[in-house]
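> What follows is a structure written as structure tokens; I'll ask about it next.
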2 protein chains.
Amino acid sequence: MQNETIERLIEQFRTLPGVGYKSAQRYAYSIIEGNKARAENFANAIIEAKNRIAFCKICGNFTDREICPICEKRNRKIICVVKEPKDVISMEKVKDYNGVYHVLFGTISPLENKGPDDIRIRELLERIKEDNVEEVIMATNPDVEGDATAMYIARLLKPLEVKVTRLAQGVAMGSDLEYADEVTLSRALEERRLMK
Amino acid sequence: MQNETIERLIEQFRTLPGVGYKSAQRYAYSIIEGNKARAENFANAIIEAKNRIAFCKICGNFTDREICPICEKRNRKIICVVKEPKDVISMEKVKDYNGVYHVLFGTISPLENKGPDDIRIRELLERIKEDNVEEVIMATNPDVEGDATAMYIARLLKPLEVKVTRLAQGVAMGSDLEYADEVTLSRALEERRLMK
């Protein structure tokens, strides 16, 4: 008995990551119950974002210019390698990082049939050579695929004699040991620091 | 450093019920990473739903006609009273219900400053008189506000001599007693049935 036009809107909301039928239905109903201006603003924001935003030619992050403001203004000798554009936002919370980024758009993942050629590794190599990069910080996620990808790239970079580092792994600030999983704890123990 | 156009799309997604900043950001990124046709379809579906869908003049449910197919075809002598349009969809899963609906668009809620005049109770009274309704099934949610609203309407309908019923409350089918809350259990005990 659900109306076709509503069903079509629900279908669209379901294409968003992690949105199931119930949530999509709530979203659709909220559009219909809202006023007309809101629906128009929403639709415009979608079209505008899609039309205006593209990928930075250098780092791959989202931008409305050819080269993003980060690549334009900051120190290109240090590259922080991340999996996705949203990771750039996370890293940017660290105010004193002044280097640039490189978005891989994925990690090496045999399960998803993704090999080294399916993510932006070649582009990273080119940047390192061109810009005489001094340090590459591997900031892929601290999970199996993120670790494997970081390791793969680190090995690949060995002949280039660039410094390759990895974000430290351990227990999170403000967290409780009781709730830390054993892999995190064992990593934290392994990489323990001498207190001065 | 987040781009303004992206920020505007994130803001739009945040207006959806229950969507926080992180989810809104994921949704926005998925639009930007998707292709152009998808963004256009999405925007169109929003505009179309808003333009085409309105409220049924009789029951208040969503429809693209003046009077919805349910009100048009089914037995108007039985009205099932629900809080929101989405509850109609839920009730419609019960295949053998052949009556019509009445959407209140809310419940009486002192906390939200919503009184009897703020929901569609007057319209319900008019329908009952006009259509010589035989039974009103109160299907508002089994919570404090839903119960209070059902009670209020039941009292209001007493002089009209129409049969007023309420959905049975008790433990859910397929659920586990261990996880049932005590209010539900006490209600289930109170309304226990004689086994035949």
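Ligands are numbered from 1 in the order shown, chains are lettered A, B, ... in the order of the structure tokens, and residues start at 1 in each chain.
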Which residues in range 32-144 of chain A does DSSP call strand (DSSP E or B)? List them as a list of chain:residue names.
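Taking range 32-144 of chain A and keeping strand (DSSP E or B) gives A:Ala54, A:Phe55, A:Phe62, A:Thr63, A:Asn75, A:Arg76, A:Lys77, A:Ile78, A:Ile79, A:Cys80, A:Val81, A:Val82, A:Gly99, A:Val100, A:Tyr101, A:His102, A:Val103, A:Ser109, A:Lys114, A:Glu135, A:Val136, A:Ile137, A:Met138.
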> Excluding Leu125 in chain B and its own-chain neighbours fewer than 6 positions away, which residues fall within 12 Å of it when counting only C-alpha atoms? Please give them as a ChimeraX atom specification.
/B:58,79,81,102,104,131-133,136,153-154,156-160,162
> Specify as a list in words all residues of chain A found within 6 Å of chain B, counting only C-alpha atoms.
Thr5, Ile6, Leu9, Gln12, Leu16, Tyr27, Ile32, Phe42, Ala43, Ala45, Ala49 and Lys50 of chain A
> Separation of CA of Arg65 in chain A and CA of Ile137 in chain A, in Å?
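Those two atoms sit 25.1 Å apart.
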> Fewer than 2 positions away in the same chain doesn't count, so skip those; otherwise give me all residues within 9 Å of Phe105 in chain A, counting only C-alpha atoms, as number ranges by chain.
A: 60, 82-85, 103, 107, 118-120
> Just the number, please: distance in Å from CA of Tyr21 in chain A to CA of Gly106 in chain A, one decimal.
26.7 Å
> Could you give me, as a PyMOL selection string, the residues within 8 Å of range 186-189 of chain A, counting only C-alpha atoms and dropping anything in the same chain fewer than 5 positions from it?
chain A and resi 169-171
> Could you list, as a list in words, every residue within 12 Å of Ala148 in chain A, counting only C-alpha atoms and ignoring same-chain residues fewer than 5 positions away?
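Near neighbours after the sequence-gap exclusion: Thr107, Ile108, Ser109, Pro110, Gly115, Pro116, Met138, Ala139, Thr140, Asn141, Pro142, Asp143, Ile153, Ala154, Arg155 and Arg166 of chain A.
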> One number please: CA of Asp96 in chain A to CA of Asp181 in chain A, in Å, one decimal.
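Between CA of Asp96 in chain A and CA of Asp181 in chain A the gap is 29.8 Å.
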> Would you return as an MDAnalysis selection string the members of range 51-138 of chain B that DSSP assigns to helix (DSSP H, G or I) on this structure's backbone?
chainID B and resid 51:52 69:73 85:92 110:112 116:118 121:130
